[in-house]
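> To be precise about what I am sending: the file is called final32.cif and holds mmCIF, C-alpha atoms.
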```cif
data_coords
#
loop_
_atom_site.label_atom_id
_atom_site.label_comp_id
_atom_site.auth_asym_id
_atom_site.auth_seq_id
_atom_site.Cartn_x
_atom_site.Cartn_y
_atom_site.Cartn_z
CA MET O 1 57.73 -61.16 2.26
CA GLN O 2 60.89 -59.86 3.89
CA ARG O 3 63.60 -57.51 2.58
CA ILE O 4 67.01 -58.74 3.64
CA PRO O 5 70.59 -57.62 2.96
CA ILE O 6 72.16 -60.14 0.61
CA LYS O 7 74.71 -61.27 3.20
CA LEU O 8 71.85 -62.86 5.16
CA ALA O 9 70.53 -64.76 2.13
CA LYS O 10 70.73 -68.56 2.35
CA ALA O 11 70.19 -71.43 -0.06
CA GLU O 12 66.56 -72.66 -0.26
CA MET O 13 65.09 -69.19 0.30
CA VAL O 14 62.64 -68.19 -2.45
CA LEU O 15 62.64 -64.77 -4.10
CA ALA O 16 59.38 -62.84 -3.56
CA LYS O 17 60.46 -60.18 -6.06
CA ASP O 18 62.94 -59.92 -8.92
CA ALA O 19 66.56 -59.59 -7.85
CA VAL O 20 67.78 -56.24 -9.19
CA THR O 21 71.04 -54.34 -9.15
CA PRO O 22 71.06 -50.79 -7.66
CA GLU O 23 70.95 -49.57 -11.27
CA GLY O 24 67.64 -51.36 -11.76
CA GLN O 25 68.82 -54.23 -13.93
CA VAL O 26 66.81 -57.41 -13.33
CA LEU O 27 69.02 -60.47 -12.80
CA CYS O 28 66.54 -63.18 -11.89
CA GLY O 29 62.83 -63.38 -11.39
CA ALA O 30 60.42 -63.73 -8.48
CA GLY O 31 59.82 -67.35 -7.52
CA THR O 32 63.45 -68.40 -8.04
CA LYS O 33 64.83 -70.69 -5.32
CA LEU O 34 68.24 -69.49 -4.17
CA SER O 35 71.36 -71.65 -4.14
CA GLU O 36 74.82 -70.82 -2.75
CA GLU O 37 76.16 -70.38 -6.29
CA LEU O 38 73.32 -68.08 -7.29
CA ILE O 39 73.76 -65.93 -4.17
CA ALA O 40 77.50 -65.59 -4.93
CA ARG O 41 76.74 -64.56 -8.50
CA LEU O 42 74.15 -61.97 -7.42
CA LYS O 43 76.63 -60.51 -4.94
CA LYS O 44 79.21 -60.26 -7.69
CA GLN O 45 76.75 -58.34 -9.87
CA GLY O 46 76.28 -55.75 -7.12
CA VAL O 47 72.90 -56.79 -5.67
CA LEU O 48 72.56 -55.40 -2.13
CA VAL O 49 69.10 -56.43 -0.93
CA LEU O 50 66.71 -59.24 -1.78
CA SER O 51 62.98 -59.71 -1.18
CA VAL O 52 62.33 -63.26 -0.07
CA LYS O 53 59.13 -65.14 0.69
CA GLY O 54 57.93 -65.62 4.25
CA HIS O 55 59.91 -64.26 7.16
CA PRO O 56 63.09 -66.35 7.35
CA VAL O 57 65.38 -63.89 9.15
CA LYS O 58 64.72 -62.76 12.71
CA GLU O 59 65.84 -59.16 13.12
CA PRO O 60 67.19 -57.79 16.41
CA GLY O 61 64.46 -56.16 18.49
CA GLU O 62 61.79 -57.67 16.30
CA LYS O 63 58.52 -58.54 17.99
CA SER O 64 57.31 -62.10 17.96
CA LEU O 65 54.10 -63.02 16.16
CA SER O 66 52.15 -63.39 19.40
CA GLU O 67 53.37 -59.99 20.63
CA ARG O 68 52.32 -58.41 17.33
CA LEU O 69 48.89 -60.03 17.50
CA LYS O 70 48.42 -58.77 21.05
CA ALA O 71 49.37 -55.21 20.01
CA LEU O 72 46.96 -55.49 17.07
CA ASP O 73 44.16 -56.38 19.46
CA GLU O 74 44.99 -53.43 21.72
CA ARG O 75 44.90 -50.98 18.82
CA PHE O 76 41.35 -52.16 18.06
CA SER O 77 40.21 -51.84 21.68
CA LYS O 78 37.98 -48.79 21.05
CA VAL O 79 36.16 -50.28 18.06
CA LYS O 80 35.47 -53.83 19.25
CA LYS O 81 31.74 -53.50 18.60
CA ASP O 82 32.11 -52.64 14.92
CA PRO O 83 31.61 -55.78 12.80
CA VAL O 84 33.47 -54.39 9.76
CA LEU O 85 36.49 -53.42 11.83
CA ARG O 86 36.40 -56.72 13.71
CA ALA O 87 36.59 -58.46 10.35
CA LEU O 88 39.49 -56.20 9.36
CA GLU O 89 41.41 -57.09 12.54
CA HIS O 90 40.80 -60.75 11.83
CA LEU O 91 42.05 -60.52 8.23
CA ILE O 92 45.22 -58.67 9.24
CA GLY O 93 45.93 -61.28 11.95
CA GLU O 94 45.38 -64.12 9.48
CA TYR O 95 47.69 -62.50 6.96
CA TRP O 96 50.48 -62.20 9.53
CA ILE O 97 50.07 -65.82 10.63
CA ILE O 98 50.22 -67.07 7.03
CA GLU O 99 53.26 -64.87 6.26
CA GLU O 100 55.20 -66.20 9.20
CA LYS O 101 53.98 -69.76 9.68
CA GLY O 102 52.42 -70.68 6.35
CA GLU O 103 48.89 -71.53 5.23
CA ASP O 104 48.90 -75.03 6.76
CA PHE O 105 49.56 -73.65 10.22
CA LEU O 106 46.52 -71.38 9.99
CA GLU O 107 44.33 -74.29 8.86
CA LYS O 108 45.49 -76.40 11.81
CA LEU O 109 44.90 -73.49 14.16
CA LYS O 110 41.36 -73.09 12.84
CA ALA O 111 40.71 -76.84 13.09
CA SER O 112 41.91 -76.95 16.70
CA LYS O 113 39.54 -74.13 17.74
CA MET H 1 42.38 -20.19 23.42
CA ASP H 2 39.16 -19.31 21.58
CA LYS H 3 38.36 -20.04 17.98
CA ALA H 4 39.00 -16.47 16.78
CA GLU H 5 42.47 -16.44 18.28
CA LEU H 6 43.25 -19.84 16.82
CA LYS H 7 42.10 -18.62 13.42
CA LYS H 8 44.35 -15.60 13.70
CA ARG H 9 47.35 -17.77 14.61
CA LEU H 10 46.63 -19.98 11.64
CA ASN H 11 46.23 -17.00 9.33
CA ASP H 12 49.69 -15.87 10.32
CA ILE H 13 51.13 -19.17 9.19
CA GLN H 14 50.38 -18.14 5.65
CA SER H 15 53.07 -15.49 5.88
CA LEU H 16 55.67 -17.86 7.28
CA PRO H 17 58.50 -18.84 4.96
CA THR H 18 57.03 -22.35 4.77
CA LEU H 19 55.24 -21.41 1.54
CA PRO H 20 57.88 -21.21 -1.19
CA PRO H 21 57.59 -18.06 -3.36
CA ILE H 22 57.69 -20.28 -6.41
CA VAL H 23 54.11 -21.35 -5.63
CA SER H 24 52.49 -17.98 -6.42
CA LYS H 25 54.48 -17.80 -9.62
CA LEU H 26 53.30 -21.26 -10.59
CA ASN H 27 49.70 -20.32 -9.77
CA GLU H 28 49.94 -17.38 -12.16
CA MET H 29 51.42 -19.57 -14.83
CA VAL H 30 48.73 -22.21 -14.51
CA ALA H 31 46.06 -19.54 -14.95
CA ASP H 32 47.51 -18.98 -18.42
CA GLU H 33 45.80 -21.45 -20.70
CA ASP H 34 48.66 -21.79 -23.14
CA ILE H 35 51.07 -23.02 -20.53
CA THR H 36 52.62 -26.43 -21.15
CA ALA H 37 54.03 -29.00 -18.78
CA VAL H 38 57.46 -28.41 -20.31
CA LYS H 39 57.33 -24.67 -19.56
CA LEU H 40 56.11 -25.26 -16.00
CA GLY H 41 58.75 -27.91 -15.51
CA LYS H 42 61.47 -25.49 -16.60
CA VAL H 43 60.42 -22.96 -13.97
CA ILE H 44 60.46 -25.54 -11.20
CA GLU H 45 63.75 -27.03 -12.37
CA LYS H 46 65.49 -23.69 -11.83
CA ASP H 47 65.28 -24.54 -8.14
CA GLN H 48 67.56 -27.53 -7.87
CA VAL H 49 66.91 -28.34 -4.24
CA LEU H 50 63.16 -28.30 -4.78
CA THR H 51 63.54 -30.38 -7.94
CA SER H 52 65.51 -33.11 -6.24
CA LYS H 53 63.03 -33.26 -3.34
CA LEU H 54 60.14 -33.36 -5.77
CA LEU H 55 61.63 -36.13 -7.88
CA LYS H 56 62.38 -38.16 -4.77
CA MET H 57 58.74 -37.94 -3.69
CA VAL H 58 57.26 -38.79 -7.09
CA ASN H 59 59.59 -41.79 -7.38
CA SER H 60 58.75 -43.11 -3.93
CA SER H 61 56.85 -46.35 -3.66
CA PHE H 62 53.50 -44.88 -2.63
CA PHE H 63 52.92 -43.56 -6.13
CA GLY H 64 54.26 -46.82 -7.50
CA PHE H 65 55.31 -45.93 -11.04
CA PRO H 66 57.29 -48.77 -12.58
CA GLN H 67 59.77 -46.53 -14.42
CA ARG H 68 61.88 -43.84 -12.88
CA ILE H 69 60.55 -40.32 -13.43
CA SER H 70 63.57 -38.17 -14.20
CA THR H 71 62.24 -34.73 -15.15
CA VAL H 72 59.72 -32.39 -13.56
CA SER H 73 57.75 -31.97 -16.79
CA ASN H 74 57.46 -35.74 -17.02
CA ALA H 75 56.18 -35.78 -13.43
CA ILE H 76 53.60 -33.09 -14.23
CA VAL H 77 52.29 -35.09 -17.18
CA LEU H 78 52.12 -38.34 -15.21
CA LEU H 79 50.80 -37.08 -11.87
CA GLY H 80 48.94 -33.93 -12.86
CA PHE H 81 49.60 -30.40 -11.72
CA ASN H 82 47.44 -30.66 -8.56
CA VAL H 83 49.73 -33.32 -7.15
CA ILE H 84 52.96 -31.52 -8.07
CA LYS H 85 51.71 -28.26 -6.63
CA THR H 86 50.67 -29.93 -3.38
CA LEU H 87 54.05 -31.61 -3.06
CA ILE H 88 55.79 -28.25 -3.57
CA VAL H 89 53.55 -26.43 -1.08
CA THR H 90 54.01 -29.09 1.57
CA SER H 91 57.66 -30.00 0.94
CA SER H 92 59.04 -27.72 3.65
CA ILE H 93 56.41 -28.87 6.15
CA PHE H 94 57.37 -32.46 5.55
CA GLU H 95 60.99 -31.62 6.01
CA VAL H 96 60.24 -30.24 9.46
CA MET H 97 58.14 -33.28 10.27
CA GLN H 98 60.80 -35.78 9.18
CA ALA H 99 63.12 -34.29 11.75
CA SER H 100 60.66 -33.71 14.59
CA ASP H 101 58.11 -36.51 14.35
CA VAL H 102 59.11 -39.62 12.42
CA GLY H 103 56.00 -41.43 13.64
CA LEU H 104 53.62 -38.92 12.11
CA PHE H 105 55.75 -38.77 8.96
CA GLU H 106 55.52 -42.54 8.53
CA HIS H 107 51.81 -42.48 9.33
CA SER H 108 51.33 -39.95 6.51
CA LEU H 109 53.42 -41.90 3.98
CA GLY H 110 51.68 -45.13 4.96
CA CYS H 111 48.22 -43.56 4.61
CA ALA H 112 49.21 -42.25 1.15
CA THR H 113 50.28 -45.77 0.18
CA ALA H 114 47.00 -47.31 1.33
CA CYS H 115 45.02 -44.58 -0.49
CA GLY H 116 46.86 -45.33 -3.74
CA ILE H 117 46.17 -49.07 -3.51
CA ILE H 118 42.45 -48.62 -2.83
CA ALA H 119 42.05 -45.83 -5.42
CA LYS H 120 43.61 -48.06 -8.09
CA MET H 121 41.43 -50.98 -7.07
CA ARG H 122 38.37 -48.73 -7.43
CA GLN H 123 39.71 -47.52 -10.79
CA ILE H 124 39.63 -43.86 -9.85
CA LYS H 125 40.88 -41.70 -12.69
CA ASN H 126 43.78 -40.00 -10.96
CA PRO H 127 44.84 -42.29 -8.10
CA GLU H 128 47.94 -40.16 -7.42
CA GLU H 129 45.65 -37.35 -6.31
CA VAL H 130 44.06 -39.64 -3.75
CA SER H 131 47.54 -40.70 -2.54
CA THR H 132 48.42 -37.04 -2.15
CA ALA H 133 45.26 -36.38 -0.15
CA GLY H 134 46.33 -39.25 2.11
CA LEU H 135 49.82 -37.85 2.40
CA ILE H 136 48.56 -34.54 3.80
CA HIS H 137 45.40 -35.69 5.60
CA ASP H 138 46.98 -34.86 8.98
CA LEU H 139 48.19 -31.43 7.87
CA GLY H 140 46.28 -30.02 10.86
CA LYS H 141 48.32 -32.08 13.32
CA ILE H 142 51.59 -31.17 11.62
CA VAL H 143 50.79 -27.49 11.82
CA LEU H 144 49.55 -27.67 15.41
CA ARG H 145 52.78 -29.36 16.32
CA SER H 146 54.99 -26.73 14.71
CA GLU H 147 52.94 -23.59 15.48
CA LEU H 148 51.40 -24.37 18.87
CA PRO H 149 53.92 -26.86 20.27
CA GLU H 150 52.90 -26.47 23.92
CA GLU H 151 49.25 -26.91 23.14
CA TYR H 152 50.08 -29.90 20.98
CA GLU H 153 52.11 -31.55 23.75
CA ALA H 154 49.24 -31.00 26.16
CA ILE H 155 46.77 -32.54 23.71
CA VAL H 156 48.93 -35.63 23.16
CA ARG H 157 49.40 -36.02 26.92
CA GLU H 158 45.71 -35.67 27.71
CA ALA H 159 44.80 -38.11 24.94
CA GLN H 160 47.16 -40.67 26.45
CA GLU H 161 46.18 -40.11 30.06
CA GLU H 162 42.44 -40.06 29.45
CA GLY H 163 42.46 -42.75 26.78
CA LEU H 164 40.89 -40.45 24.18
CA TYR H 165 41.41 -39.88 20.47
CA MET H 166 43.51 -36.82 19.60
CA ARG H 167 40.62 -35.11 17.87
CA GLN H 168 38.37 -35.45 20.93
CA VAL H 169 40.92 -33.53 23.01
CA GLU H 170 41.51 -31.00 20.22
CA LYS H 171 37.78 -30.25 20.08
CA LYS H 172 37.67 -29.84 23.83
CA ARG H 173 40.71 -27.57 24.09
CA LEU H 174 40.66 -25.67 20.78
CA GLY H 175 37.06 -25.95 19.67
CA VAL H 176 38.11 -27.52 16.36
CA GLY H 177 39.72 -30.79 15.30
CA HIS H 178 42.85 -31.28 13.21
CA GLY H 179 40.71 -32.06 10.15
CA GLU H 180 39.16 -28.60 10.17
CA ILE H 181 42.50 -26.95 10.87
CA GLY H 182 44.14 -28.81 7.97
CA GLY H 183 41.23 -27.91 5.69
CA MET H 184 41.46 -24.26 6.65
CA LEU H 185 45.14 -24.13 5.76
CA ALA H 186 44.82 -26.10 2.57
CA ARG H 187 42.16 -23.63 1.46
CA GLN H 188 44.37 -20.67 2.35
CA TRP H 189 47.11 -22.17 0.25
CA ASN H 190 44.71 -22.51 -2.68
CA LEU H 191 44.95 -26.26 -2.92
CA PRO H 192 42.12 -27.70 -5.04
CA GLU H 193 38.90 -28.80 -3.35
CA ARG H 194 39.58 -32.39 -4.38
CA LEU H 195 42.32 -32.25 -1.75
CA VAL H 196 40.81 -29.75 0.71
CA PHE H 197 37.61 -31.71 1.39
CA PRO H 198 39.26 -35.09 2.00
CA ILE H 199 41.65 -33.44 4.51
CA GLU H 200 38.90 -31.53 6.25
CA PHE H 201 36.47 -34.44 6.43
CA HIS H 202 38.73 -37.46 6.83
CA HIS H 203 36.97 -38.36 10.08
CA LYS H 204 33.48 -37.50 8.77
CA PRO H 205 33.70 -38.19 5.04
CA GLU H 206 29.94 -38.03 4.47
CA LEU H 207 29.86 -34.37 5.53
CA ALA H 208 32.14 -33.41 2.62
CA PRO H 209 30.14 -31.21 0.21
CA GLU H 210 31.89 -32.92 -2.72
CA TYR H 211 34.46 -35.64 -3.43
CA LYS H 212 32.91 -37.94 -0.87
CA GLU H 213 34.52 -40.97 -2.48
CA ILE H 214 38.06 -39.59 -2.12
CA ALA H 215 37.24 -38.53 1.45
CA ALA H 216 35.94 -42.04 2.17
CA ILE H 217 39.14 -43.64 0.82
CA VAL H 218 41.31 -41.37 2.97
CA HIS H 219 39.06 -42.11 5.96
CA PHE H 220 39.44 -45.86 5.54
CA SER H 221 43.16 -45.69 4.70
CA ASP H 222 43.78 -43.82 7.95
CA ILE H 223 42.00 -46.65 9.78
CA LEU H 224 43.89 -49.32 7.87
CA ILE H 225 47.36 -47.88 8.40
CA ARG H 226 46.74 -47.47 12.12
CA ALA H 227 45.34 -50.99 12.20
CA VAL H 228 48.54 -52.54 10.83
CA GLY H 229 50.57 -50.39 13.24
CA PHE H 230 52.77 -48.52 10.75
CA GLY H 231 53.90 -45.08 11.97
CA TYR H 232 52.24 -43.20 14.80
CA GLY H 233 49.42 -40.67 14.48
CA GLY H 234 49.50 -39.18 17.98
CA ASP H 235 47.33 -41.79 19.73
CA PRO H 236 47.55 -45.57 19.38
CA TRP H 237 43.91 -46.43 18.57
CA VAL H 238 42.16 -47.42 15.39
CA PRO H 239 39.55 -44.70 14.74
CA GLY H 240 35.85 -45.45 14.30
CA LEU H 241 34.49 -46.30 10.86
CA ASP H 242 31.80 -44.22 9.15
CA HIS H 243 29.49 -46.90 7.79
CA VAL H 244 27.81 -44.74 5.15
CA ALA H 245 31.26 -43.95 3.75
CA TRP H 246 32.15 -47.63 3.95
CA GLU H 247 29.08 -48.53 1.85
CA ARG H 248 30.40 -46.13 -0.77
CA ILE H 249 33.80 -47.84 -1.13
CA LYS H 250 33.05 -51.26 0.38
CA LEU H 251 35.68 -53.93 -0.28
CA SER H 252 34.87 -57.64 -0.29
CA LYS H 253 36.81 -59.97 1.98
CA SER H 254 39.02 -61.15 -0.86
CA GLN H 255 39.67 -57.56 -1.99
CA MET H 256 40.53 -56.69 1.59
CA ARG H 257 43.03 -59.57 1.68
CA GLU H 258 44.56 -58.28 -1.56
CA VAL H 259 44.86 -54.76 -0.12
CA ILE H 260 46.49 -56.02 3.10
CA ALA H 261 49.06 -58.08 1.17
CA GLU H 262 49.89 -55.29 -1.27
CA LEU H 263 50.12 -52.74 1.53
CA ASP H 264 52.52 -54.99 3.43
CA GLU H 265 54.83 -55.25 0.42
CA LYS H 266 54.70 -51.54 -0.30
CA LEU H 267 55.39 -50.65 3.33
CA ILE H 268 58.55 -52.73 3.21
CA GLU H 269 59.65 -50.77 0.12
CA LEU H 270 58.65 -47.55 1.87
CA GLN H 271 61.06 -48.31 4.69
CA ASP H 272 63.88 -48.22 2.13
CA PHE H 273 62.62 -44.78 1.10
CA THR H 274 62.46 -43.36 4.64
CA LEU H 275 65.85 -44.89 5.37
CA GLU H 276 67.27 -43.17 2.30
CA ILE H 277 65.88 -39.83 3.50
CA LYS H 278 67.34 -40.36 6.97
CA VAL H 279 70.76 -41.23 5.53
CA GLU H 280 70.84 -38.33 3.08
CA GLY H 281 69.34 -35.91 5.59
#
```
Written as structure tokens, that's how I'd like the structure from this file.


Amino acid sequence: MQRIPIKLAKAEMVLAKDAVTPEGQVLCGAGTKLSEELIARLKKQGVLVLSVKGHPVKEPGEKSLSERLKALDERFSKVKKDPVLRALEHLIGEYWIIEEKGEDFLEKLKASK
Amino acid sequence: MDKAELKKRLNDIQSLPTLPPIVSKLNEMVADEDITAVKLGKVIEKDQVLTSKLLKMVNSSFFGFPQRISTVSNAIVLLGFNVIKTLIVTSSIFEVMQASDVGLFEHSLGCATACGIIAKMRQIKNPEEVSTAGLIHDLGKIVLRSELPEEYEAIVREAQEEGLYMRQVEKKRLGVGHGEIGGMLARQWNLPERLVFPIEFHHKPELAPEYKEIAAIVHFSDILIRAVGFGYGGDPWVPGLDHVAWERIKLSKSQMREVIAELDEKLIELQDFTLEIKVEG
């Protein structure tokens, strides 16, 4: 999931959470696929930010997935021998890969190993 | 510095203006059995600055109430007096921390968020109390930073240069770790033991005389929030896991996946909250 200002929203993106106005009024539900018309209407109603599925917008200064995975591994460097924590590192890495590249990508990655 | 001197320095903190006078008044009021949430709320609401800070905290995403809480008495009913009191006692400390150490501030908010998620998953009766324990688990570090800034700098530097955990260097230089220091202060401020023990024993949750489960959740949440890399707790490493504590709160792989996903979403919301604080000052 990614929170983006509405001006970066594009057609085909899918809402991960309800689109709400700053006053808290829900305009359309999670799971809705955005279209240009819908985005224009949401803007008109005063919506400022949207939560969309995946990670469609690259933010300035944002680390790439491989950089993030490397940093993750470094943070775990003192507890490498702990099986529970190793499993935790693995699950966090998997979650990030799925978020950014999708479930299929992870499956292919596993198959290639 | 020896332990006695450190203790004296910490004792003096009690008399600093960080503890709002309203707290002793509230303590007296709570001792009265006939007191209601509405009456307590009225006393707190006389202080408008405190009220707005308090309402901002209780409405932040780490407590995760679906509706907006708009009055203090409503907050007392929903979160319990222990939580409200802790937020009042620590509000000025957090203010200092927001300005001086955003990393530690985010680490604390993130840990609170993780605590809330796990406490709800384990169906603990008052999950907000566990969130609050997470919020102030590094009280010791916050206080070291503000009261013994030179010593704190030296500890951070040595931890980085020698590749050690903060608490290892604290033990070496001060004779006590930040857990004990935080516990000492929380006790001085008359916070309930349900909060004191988890702060004091967040690195050794099984040594807590009581409330081992809450201590274990805070212990694991600290690990989890460092693992995902949100905020900065003074050194960059994931701390070791206490396996006896882990057995107590063990999560299955699928539960762990659920926690990671929910934490990720909540942390994104939390960034809106910290941004709002930064903008409003």

> Using the chain letters and numbers from the file, which residues does the PyMOL selection byres ((chain H) within 8 of (chain O)) grab, as a PyMOL selection string?

chain H and resi 226-229+236-241+256-257+260-261+265+268

> Quick one: pull the distance between CA of Glu129 (chain H) and CA of Ile69 (chain H), Å, one decimal.

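That distance, rounded to one decimal, is 16.8 Å.
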
> If I take CA of Asp18 (chain O) and CA of Val49 (chain O), how far is one from the other in Å, to one decimal?

10.7 Å

> Can you pull out the residues contacting Cys115 (chain H)? Cut-off 7 Å, using only C-alpha atoms, and skip same-chain residues under 4 positions away; I want them as a PyMOL selection string.

chain H and resi 111+119+130-131+134+217-218+221

> Within 12 Å of region 32-38 of chain H, counting only C-alpha atoms, which residues show up once you throw out same-chain ones fewer than 2 positions away? Write them as a list in words, please.

Lys25, Leu26, Asn27, Glu28, Met29, Val30, Leu40, Gly41, Lys42, Val43, Ile44, Glu45, Thr71, Val72, Ser73, Asn74, Ala75, Ile76, Val77, Leu78, Leu79, Gly80, Phe81 and Ile84 of chain H

> Step by step, work through what the PyMOL selection byres ((chain H and resi 3) around 8) selects in the shown file, and finish by giving those residues as a list in words.

Met1, Asp2, Ala4, Glu5, Leu6, Lys7, Leu174, Gly175 and Val176 of chain H

> Exactly which residues make up the result of the PyMOL selection byres ((chain O and resi 54) around 8) on this file, given as a PDB file with C-alpha atoms, keeping the file's coordinate frame?


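File produced: part13.pdb:
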```pdb
ATOM      1  CA  MET O   1      57.730 -61.160   2.260  1.00  0.00           C
ATOM      2  CA  GLN O   2      60.890 -59.860   3.890  1.00  0.00           C
ATOM      3  CA  VAL O  52      62.330 -63.260  -0.070  1.00  0.00           C
ATOM      4  CA  LYS O  53      59.130 -65.140   0.690  1.00  0.00           C
ATOM      5  CA  HIS O  55      59.910 -64.260   7.160  1.00  0.00           C
ATOM      6  CA  PRO O  56      63.090 -66.350   7.350  1.00  0.00           C
ATOM      7  CA  GLU O  99      53.260 -64.870   6.260  1.00  0.00           C
ATOM      8  CA  GLU O 100      55.200 -66.200   9.200  1.00  0.00           C
ATOM      9  CA  LYS O 101      53.980 -69.760   9.680  1.00  0.00           C
ATOM     10  CA  GLY O 102      52.420 -70.680   6.350  1.00  0.00           C
TER      11      GLY O 102
END
```

> What separation in Å, quoted to one decimal, exists between CA of His202 (chain H) and CA of Leu148 (chain H)?

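Result for CA of His202 (chain H) versus CA of Leu148 (chain H): 21.8 Å, one decimal.
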
> Return the single residue from H:Glu153, H:Glu210, H:Glu247, H:Glu262 that is closest to Thr113 (chain H), with distances computed using only C-alpha atoms.

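Looking only at the distances to Thr113 (chain H), the closest residue turns out to be H:Glu262.
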
> Select, from O:Leu65, O:Ala9, O:Leu106, O:Val20, the residue with the minimum atom-to-atom distance to Glu37 (chain O), counting only C-alpha atoms.

O:Ala9

> Which residue, H:Ser100, H:Lys85, H:Arg68, H:Gly116, has the smallest gap to Phe220 (chain H) when you use only C-alpha atoms?

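Counting only C-alpha atoms, the residue closest to Phe220 (chain H) is H:Gly116.
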
> As an MDAnalysis selection string, please: the residues near Val259 (chain H) (cut-off 9 Å, only C-alpha atoms, same-chain neighbours under 6 positions excluded).

chainID H and resid 114 117:118 121

> Would you list the contacts of Phe230 (chain H) as a list in words, taking every protein, DNA or RNA residue within 8 Å and counting only C-alpha atoms, but skipping same-chain residues closer than 4 positions in sequence?

Glu106, His107, Gly110, Ile225 and Arg226 of chain H

> Select all residues near (35.2, -31.8, 18.7) (cut-off 12 Å, inclusive, file coordinates), counting all atoms listed in the file, and output them as a PyMOL selection string.

chain H and resi 164-181+203-204

> Just checking: using all atoms listed in the file, which residue out of H:Gly163, H:Arg122, H:Asp264, H:Asn190 ends up closest to Arg248 (chain H)?

H:Arg122
